[in-house]
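Data block for final07.cif (mmCIF, N, CA, C and O atoms):
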```
data_input
#
loop_
_atom_site.label_atom_id
_atom_site.label_comp_id
_atom_site.auth_asym_id
_atom_site.auth_seq_id
_atom_site.Cartn_x
_atom_site.Cartn_y
_atom_site.Cartn_z
N PHE A 28 0.91 16.22 -4.41
CA PHE A 28 0.28 15.13 -5.14
C PHE A 28 0.29 13.88 -4.29
O PHE A 28 1.29 13.56 -3.68
N GLN A 29 -0.77 13.16 -4.33
CA GLN A 29 -0.74 11.78 -3.87
C GLN A 29 -0.22 10.98 -5.05
O GLN A 29 -0.35 11.39 -6.20
N ILE A 30 0.36 9.83 -4.79
CA ILE A 30 0.95 9.07 -5.88
C ILE A 30 -0.07 8.73 -6.97
O ILE A 30 0.22 8.78 -8.14
N GLU A 31 -1.32 8.46 -6.59
CA GLU A 31 -2.34 8.15 -7.60
C GLU A 31 -2.60 9.36 -8.49
O GLU A 31 -2.74 9.24 -9.69
N ASN A 32 -2.66 10.55 -7.90
CA ASN A 32 -2.88 11.76 -8.68
C ASN A 32 -1.68 12.05 -9.58
O ASN A 32 -1.84 12.48 -10.69
N PHE A 33 -0.51 11.79 -9.07
CA PHE A 33 0.71 12.00 -9.83
C PHE A 33 0.69 11.16 -11.09
O PHE A 33 0.96 11.64 -12.18
N GLN A 34 0.32 9.91 -10.97
CA GLN A 34 0.28 9.02 -12.13
C GLN A 34 -0.84 9.41 -13.09
O GLN A 34 -0.73 9.21 -14.28
N THR A 35 -1.91 9.99 -12.58
CA THR A 35 -3.01 10.45 -13.42
C THR A 35 -2.66 11.75 -14.12
O THR A 35 -2.94 11.92 -15.29
N LYS A 36 -2.01 12.65 -13.40
CA LYS A 36 -1.69 13.97 -13.96
C LYS A 36 -0.62 13.90 -15.04
O LYS A 36 -0.64 14.65 -16.00
N ILE A 37 0.36 13.03 -14.86
CA ILE A 37 1.46 12.90 -15.83
C ILE A 37 1.61 11.41 -16.14
O ILE A 37 2.61 10.79 -15.81
N PRO A 38 0.60 10.81 -16.78
CA PRO A 38 0.61 9.36 -16.95
C PRO A 38 1.78 8.82 -17.76
O PRO A 38 2.24 7.71 -17.51
N ILE A 39 2.29 9.60 -18.70
CA ILE A 39 3.36 9.07 -19.56
C ILE A 39 4.63 8.77 -18.76
O ILE A 39 5.35 7.84 -19.06
N ILE A 40 4.90 9.54 -17.71
CA ILE A 40 6.11 9.30 -16.91
C ILE A 40 5.81 9.00 -15.45
O ILE A 40 6.71 8.68 -14.69
N GLY A 41 4.55 9.11 -15.05
CA GLY A 41 4.19 8.94 -13.64
C GLY A 41 4.64 7.63 -13.03
O GLY A 41 5.21 7.62 -11.94
N GLN A 42 4.41 6.53 -13.71
CA GLN A 42 4.79 5.23 -13.16
C GLN A 42 6.30 5.11 -13.02
O GLN A 42 6.80 4.66 -12.00
N THR A 43 7.03 5.54 -14.03
CA THR A 43 8.49 5.46 -13.99
C THR A 43 9.05 6.28 -12.84
O THR A 43 9.88 5.80 -12.06
N LEU A 44 8.59 7.52 -12.70
CA LEU A 44 9.11 8.37 -11.63
C LEU A 44 8.68 7.89 -10.26
O LEU A 44 9.49 7.88 -9.32
N SER A 45 7.44 7.46 -10.13
CA SER A 45 6.99 7.00 -8.81
C SER A 45 7.71 5.72 -8.39
O SER A 45 8.07 5.55 -7.23
N THR A 46 8.00 4.84 -9.33
CA THR A 46 8.70 3.59 -9.01
C THR A 46 10.17 3.82 -8.73
O THR A 46 10.73 3.20 -7.82
N ASN A 47 10.81 4.72 -9.48
CA ASN A 47 12.27 4.85 -9.41
C ASN A 47 12.78 6.08 -8.67
O ASN A 47 13.96 6.11 -8.31
N CYS A 48 11.93 7.06 -8.44
CA CYS A 48 12.43 8.32 -7.89
C CYS A 48 11.82 8.71 -6.54
O CYS A 48 12.43 9.44 -5.78
N TRP A 49 10.62 8.24 -6.29
CA TRP A 49 9.91 8.71 -5.11
C TRP A 49 10.52 8.30 -3.78
O TRP A 49 10.29 8.95 -2.78
N SER A 50 11.28 7.24 -3.73
CA SER A 50 11.85 6.85 -2.44
C SER A 50 12.79 7.94 -1.92
O SER A 50 12.91 8.13 -0.71
N CYS A 51 13.41 8.70 -2.80
CA CYS A 51 14.28 9.80 -2.38
C CYS A 51 13.67 11.18 -2.64
O CYS A 51 13.93 12.12 -1.91
N HIS A 52 12.89 11.30 -3.70
CA HIS A 52 12.38 12.61 -4.13
C HIS A 52 10.88 12.76 -3.94
O HIS A 52 10.29 13.68 -4.49
N GLY A 53 10.26 11.89 -3.15
CA GLY A 53 8.82 11.93 -2.97
C GLY A 53 8.33 12.86 -1.89
O GLY A 53 7.14 13.02 -1.69
N SER A 54 9.24 13.48 -1.19
CA SER A 54 8.86 14.38 -0.11
C SER A 54 10.03 15.30 0.17
O SER A 54 11.19 14.87 0.15
N PRO A 55 9.75 16.57 0.48
CA PRO A 55 10.84 17.48 0.81
C PRO A 55 11.60 17.06 2.07
O PRO A 55 12.73 17.46 2.27
N THR A 56 11.01 16.22 2.89
CA THR A 56 11.65 15.81 4.13
C THR A 56 12.48 14.54 4.00
O THR A 56 13.11 14.12 4.95
N VAL A 57 12.49 13.92 2.83
CA VAL A 57 13.22 12.67 2.64
C VAL A 57 14.73 12.90 2.65
O VAL A 57 15.49 12.04 3.06
N GLY A 58 15.17 14.03 2.22
CA GLY A 58 16.59 14.34 2.24
C GLY A 58 17.23 14.60 0.89
O GLY A 58 18.35 15.06 0.82
N ALA A 59 16.55 14.28 -0.18
CA ALA A 59 17.10 14.57 -1.51
C ALA A 59 17.04 16.08 -1.74
O ALA A 59 16.15 16.75 -1.22
N PRO A 60 17.97 16.62 -2.50
CA PRO A 60 18.01 18.07 -2.68
C PRO A 60 16.84 18.65 -3.49
O PRO A 60 16.63 19.84 -3.48
N MET A 61 16.10 17.81 -4.18
CA MET A 61 14.95 18.31 -4.91
C MET A 61 13.77 17.37 -4.74
O MET A 61 13.91 16.16 -4.75
N SER A 62 12.62 17.97 -4.53
CA SER A 62 11.38 17.21 -4.40
C SER A 62 10.75 17.08 -5.78
O SER A 62 10.80 18.01 -6.58
N LEU A 63 10.18 15.92 -6.06
CA LEU A 63 9.48 15.69 -7.33
C LEU A 63 8.04 15.30 -7.03
O LEU A 63 7.56 14.28 -7.49
N THR A 64 7.36 16.11 -6.26
CA THR A 64 6.01 15.77 -5.84
C THR A 64 4.92 16.56 -6.56
O THR A 64 3.75 16.26 -6.39
N THR A 65 5.30 17.56 -7.36
CA THR A 65 4.31 18.31 -8.10
C THR A 65 4.72 18.40 -9.57
O THR A 65 5.90 18.24 -9.91
N TYR A 66 3.75 18.67 -10.41
CA TYR A 66 4.05 18.85 -11.83
C TYR A 66 5.08 19.97 -12.01
O TYR A 66 6.03 19.83 -12.79
N SER A 67 4.91 21.06 -11.29
CA SER A 67 5.82 22.20 -11.40
C SER A 67 7.26 21.79 -11.08
O SER A 67 8.20 22.18 -11.80
N GLU A 68 7.45 21.03 -10.03
CA GLU A 68 8.79 20.58 -9.66
C GLU A 68 9.37 19.66 -10.73
O GLU A 68 10.52 19.82 -11.15
N ILE A 69 8.57 18.70 -11.15
CA ILE A 69 9.05 17.75 -12.16
C ILE A 69 9.40 18.48 -13.45
O ILE A 69 10.46 18.25 -14.03
N SER A 70 8.55 19.39 -13.87
CA SER A 70 8.78 20.14 -15.09
C SER A 70 10.04 21.00 -14.98
O SER A 70 10.86 21.04 -15.91
N SER A 71 10.23 21.66 -13.86
CA SER A 71 11.38 22.55 -13.73
C SER A 71 12.70 21.79 -13.63
O SER A 71 13.75 22.30 -14.03
N PHE A 72 12.68 20.56 -13.12
CA PHE A 72 13.89 19.76 -13.00
C PHE A 72 14.07 18.76 -14.15
O PHE A 72 15.01 17.97 -14.15
N ALA A 73 13.19 18.79 -15.14
CA ALA A 73 13.19 17.77 -16.20
C ALA A 73 14.53 17.66 -16.91
O ALA A 73 15.03 16.55 -17.14
N ASP A 74 15.12 18.78 -17.27
CA ASP A 74 16.40 18.72 -17.99
C ASP A 74 17.50 18.11 -17.12
O ASP A 74 18.31 17.32 -17.60
N SER A 75 17.50 18.45 -15.85
CA SER A 75 18.47 17.88 -14.92
C SER A 75 18.24 16.38 -14.73
O SER A 75 19.19 15.60 -14.65
N ILE A 76 16.98 15.99 -14.68
CA ILE A 76 16.64 14.57 -14.54
C ILE A 76 17.22 13.78 -15.71
O ILE A 76 17.84 12.74 -15.53
N VAL A 77 17.03 14.29 -16.92
CA VAL A 77 17.52 13.59 -18.11
C VAL A 77 19.04 13.45 -18.08
O VAL A 77 19.58 12.39 -18.42
N VAL A 78 19.73 14.49 -17.66
CA VAL A 78 21.19 14.41 -17.57
C VAL A 78 21.59 13.31 -16.59
O VAL A 78 22.45 12.47 -16.89
N ARG A 79 20.95 13.28 -15.42
CA ARG A 79 21.35 12.33 -14.38
C ARG A 79 20.98 10.89 -14.73
O ARG A 79 21.73 9.98 -14.41
N ILE A 80 19.87 10.65 -15.40
CA ILE A 80 19.50 9.27 -15.73
C ILE A 80 20.28 8.73 -16.91
O ILE A 80 20.29 7.53 -17.15
N ASN A 81 20.96 9.61 -17.64
CA ASN A 81 21.77 9.19 -18.78
C ASN A 81 23.25 9.02 -18.45
O ASN A 81 24.04 8.72 -19.34
N LYS A 82 23.63 9.20 -17.20
CA LYS A 82 25.02 9.02 -16.81
C LYS A 82 25.40 7.54 -16.96
O LYS A 82 24.56 6.66 -16.84
N PRO A 83 26.69 7.25 -17.18
CA PRO A 83 27.13 5.85 -17.23
C PRO A 83 26.87 5.16 -15.89
O PRO A 83 26.84 5.80 -14.83
N SER A 84 26.70 3.87 -15.92
CA SER A 84 26.37 3.09 -14.72
C SER A 84 27.36 3.26 -13.59
O SER A 84 26.99 3.17 -12.42
N ASN A 85 28.62 3.52 -13.89
CA ASN A 85 29.63 3.66 -12.85
C ASN A 85 29.79 5.10 -12.35
O ASN A 85 30.62 5.37 -11.50
N ASN A 86 29.02 6.04 -12.87
CA ASN A 86 29.11 7.45 -12.48
C ASN A 86 28.36 7.66 -11.17
O ASN A 86 27.20 7.28 -11.06
N PRO A 87 28.98 8.30 -10.18
CA PRO A 87 28.30 8.50 -8.90
C PRO A 87 27.11 9.46 -8.98
O PRO A 87 26.29 9.50 -8.06
N LEU A 88 26.97 10.19 -10.07
CA LEU A 88 25.83 11.09 -10.23
C LEU A 88 24.63 10.44 -10.92
O LEU A 88 23.60 11.06 -11.10
N LEU A 89 24.77 9.17 -11.30
CA LEU A 89 23.67 8.45 -11.94
C LEU A 89 22.47 8.40 -11.01
O LEU A 89 22.60 8.16 -9.81
N MET A 90 21.32 8.63 -11.57
CA MET A 90 20.08 8.45 -10.83
C MET A 90 19.32 7.31 -11.48
O MET A 90 19.37 7.16 -12.69
N PRO A 91 18.62 6.51 -10.73
CA PRO A 91 18.43 6.60 -9.28
C PRO A 91 19.64 6.05 -8.52
O PRO A 91 20.21 5.03 -8.91
N LYS A 92 19.99 6.73 -7.45
CA LYS A 92 21.11 6.29 -6.60
C LYS A 92 20.76 4.96 -5.95
O LYS A 92 19.66 4.76 -5.47
N GLY A 93 21.72 4.07 -5.95
CA GLY A 93 21.53 2.80 -5.27
C GLY A 93 20.63 1.81 -5.99
O GLY A 93 20.41 0.71 -5.53
N GLY A 94 20.09 2.21 -7.12
CA GLY A 94 19.22 1.32 -7.87
C GLY A 94 19.79 1.07 -9.24
O GLY A 94 20.79 1.67 -9.63
N PRO A 95 19.16 0.21 -9.97
CA PRO A 95 19.65 -0.04 -11.34
C PRO A 95 19.36 1.16 -12.24
O PRO A 95 18.45 1.94 -11.99
N LYS A 96 20.18 1.29 -13.25
CA LYS A 96 19.95 2.34 -14.25
C LYS A 96 18.58 2.11 -14.89
O LYS A 96 18.15 0.97 -15.07
N LEU A 97 17.89 3.20 -15.19
CA LEU A 97 16.60 3.07 -15.86
C LEU A 97 16.77 2.38 -17.21
O LEU A 97 17.81 2.51 -17.85
N SER A 98 15.75 1.69 -17.63
CA SER A 98 15.81 1.03 -18.93
C SER A 98 15.86 2.08 -20.04
O SER A 98 15.45 3.23 -19.86
N ALA A 99 16.37 1.66 -21.18
CA ALA A 99 16.41 2.55 -22.34
C ALA A 99 15.01 3.03 -22.69
O ALA A 99 14.82 4.19 -23.09
N ALA A 100 14.02 2.18 -22.52
CA ALA A 100 12.64 2.55 -22.83
C ALA A 100 12.14 3.63 -21.87
O ALA A 100 11.47 4.58 -22.29
N ASP A 101 12.45 3.48 -20.57
CA ASP A 101 12.03 4.50 -19.60
C ASP A 101 12.71 5.84 -19.88
O ASP A 101 12.07 6.89 -19.81
N ILE A 102 13.99 5.79 -20.19
CA ILE A 102 14.72 7.02 -20.52
C ILE A 102 14.12 7.67 -21.76
O ILE A 102 13.88 8.88 -21.79
N ALA A 103 13.85 6.89 -22.77
CA ALA A 103 13.26 7.42 -24.01
C ALA A 103 11.89 8.03 -23.75
O ALA A 103 11.54 9.07 -24.33
N THR A 104 11.10 7.42 -22.86
CA THR A 104 9.78 7.95 -22.54
C THR A 104 9.90 9.32 -21.87
O THR A 104 9.17 10.25 -22.22
N ILE A 105 10.82 9.45 -20.93
CA ILE A 105 11.02 10.74 -20.26
C ILE A 105 11.52 11.78 -21.27
O ILE A 105 11.03 12.93 -21.29
N GLU A 106 12.46 11.42 -22.10
CA GLU A 106 12.97 12.34 -23.12
C GLU A 106 11.86 12.76 -24.09
O GLU A 106 11.78 13.94 -24.47
N SER A 107 11.01 11.84 -24.47
CA SER A 107 9.90 12.16 -25.38
C SER A 107 8.91 13.10 -24.72
O SER A 107 8.38 14.02 -25.37
N TRP A 108 8.63 12.88 -23.44
CA TRP A 108 7.73 13.76 -22.70
C TRP A 108 8.26 15.19 -22.69
O TRP A 108 7.52 16.14 -22.92
N ILE A 109 9.56 15.35 -22.47
CA ILE A 109 10.17 16.67 -22.47
C ILE A 109 10.10 17.28 -23.87
O ILE A 109 9.70 18.43 -24.03
N ALA A 110 10.45 16.51 -24.89
CA ALA A 110 10.43 17.00 -26.27
C ALA A 110 9.03 17.40 -26.70
O ALA A 110 8.87 18.32 -27.51
N ALA A 111 8.01 16.76 -26.14
CA ALA A 111 6.62 17.06 -26.49
C ALA A 111 6.07 18.25 -25.70
O ALA A 111 4.88 18.57 -25.81
N GLY A 112 6.91 18.87 -24.88
CA GLY A 112 6.45 20.06 -24.18
C GLY A 112 6.08 19.83 -22.72
O GLY A 112 5.40 20.66 -22.12
N LYS A 113 6.48 18.69 -22.14
CA LYS A 113 6.22 18.40 -20.72
C LYS A 113 4.73 18.52 -20.39
O LYS A 113 4.33 19.21 -19.48
N GLN A 114 3.93 17.82 -21.16
CA GLN A 114 2.48 17.92 -21.02
C GLN A 114 2.00 17.44 -19.66
O GLN A 114 2.48 16.47 -19.12
N ASN A 115 1.04 18.17 -19.14
CA ASN A 115 0.40 17.86 -17.87
C ASN A 115 -1.05 17.53 -18.18
O ASN A 115 -1.87 18.41 -18.32
N ASN A 116 -1.33 16.25 -18.32
CA ASN A 116 -2.68 15.83 -18.74
C ASN A 116 -3.66 16.00 -17.63
O ASN A 116 -3.73 15.46 -16.66
#
```

Encoded form (C-alpha cells):
Amino acid sequence: FQIENFQTKIPIIGQTLSTNCWSCHGSPTVGAPMSLTTYSEISSFADSIVVRINKPSNNPLLMPKGGPKLSAADIATIESWIAAGKQNN
C-alpha cells in the first residue's frame, strides 16, 4: 500500500495507524517485527495491536514506542473497527 491507498482502503483507522505506527511498521525493512503495510497484515495483527496500545504508559510494551500513548478516542476507534469485523472499505 502507498500511504494514500492505506488511508482510503481502511479510512476509519488509516490516519491513526499511518501517523502513529508507520515510522516503525511501515515497511518490512524498518526493523519492527511486524509490518502493517497491507490490510491483511493489519487485520491479522489487530488483536495484538489493541493489547499493545492499551498498556499503561510506563509499560515497555506500550505502542507506539517512543511516542505518546494514543488518545482514548483513537483507541476506541481501533477497537470499534475490530468489533465491526475489521472492514476493508

As a check of understanding, name the residues that the PyMOL selection byres ((chain A and resi 91) around 8) selects in the supplied structure, as a list in words.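 So the PyMOL selection byres ((chain A and resi 91) around 8) ends up selecting Asn47, Cys48, Ile76, Arg79, Ile80, Asn81, Ser84, Asn86, Pro87, Leu88, Leu89, Met90, Lys92, Gly93, Gly94, Pro95, Lys96 and Leu97 of chain A.
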
Check what the PyMOL selection byres ((chain A and resi 100-106) around 8) selects in the file above and give those residues as an NGL selection string. :A and (39-40 or 43-44 or 73 or 77 or 80-81 or 96-99 or 107-113)

Residue set, range 55-89 of chain A restricted to helix (DSSP H, G or I), as a PyMOL selection string: chain A and resi 66-80

Could you state the separation of atom C of Glu68 in chain A and CA of Asn85 in chain A in Å, given to one decimal place?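 Separation of atom C of Glu68 in chain A and CA of Asn85 in chain A: 25.9 Å.
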
Could you please determine the separation between atom N of Ile37 in chain A and atom N of Ser67 in chain A in Å, to one decimal place?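 Going from atom N of Ile37 in chain A over to atom N of Ser67 in chain A, I get 9.9 Å.
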
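Counting from atom O of Gln114 in chain A, the distance to CA of Pro60 in chain A is 22.7 Å.
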
Near Thr65 in chain A, counting only N, CA, C and O atoms, which residues have an atom at most 8 Å away, once you skip same-chain residues fewer than 3 positions from it, shown as a VMD selection string? chain A and resid 28 33 52 to 53 62 68 to 72
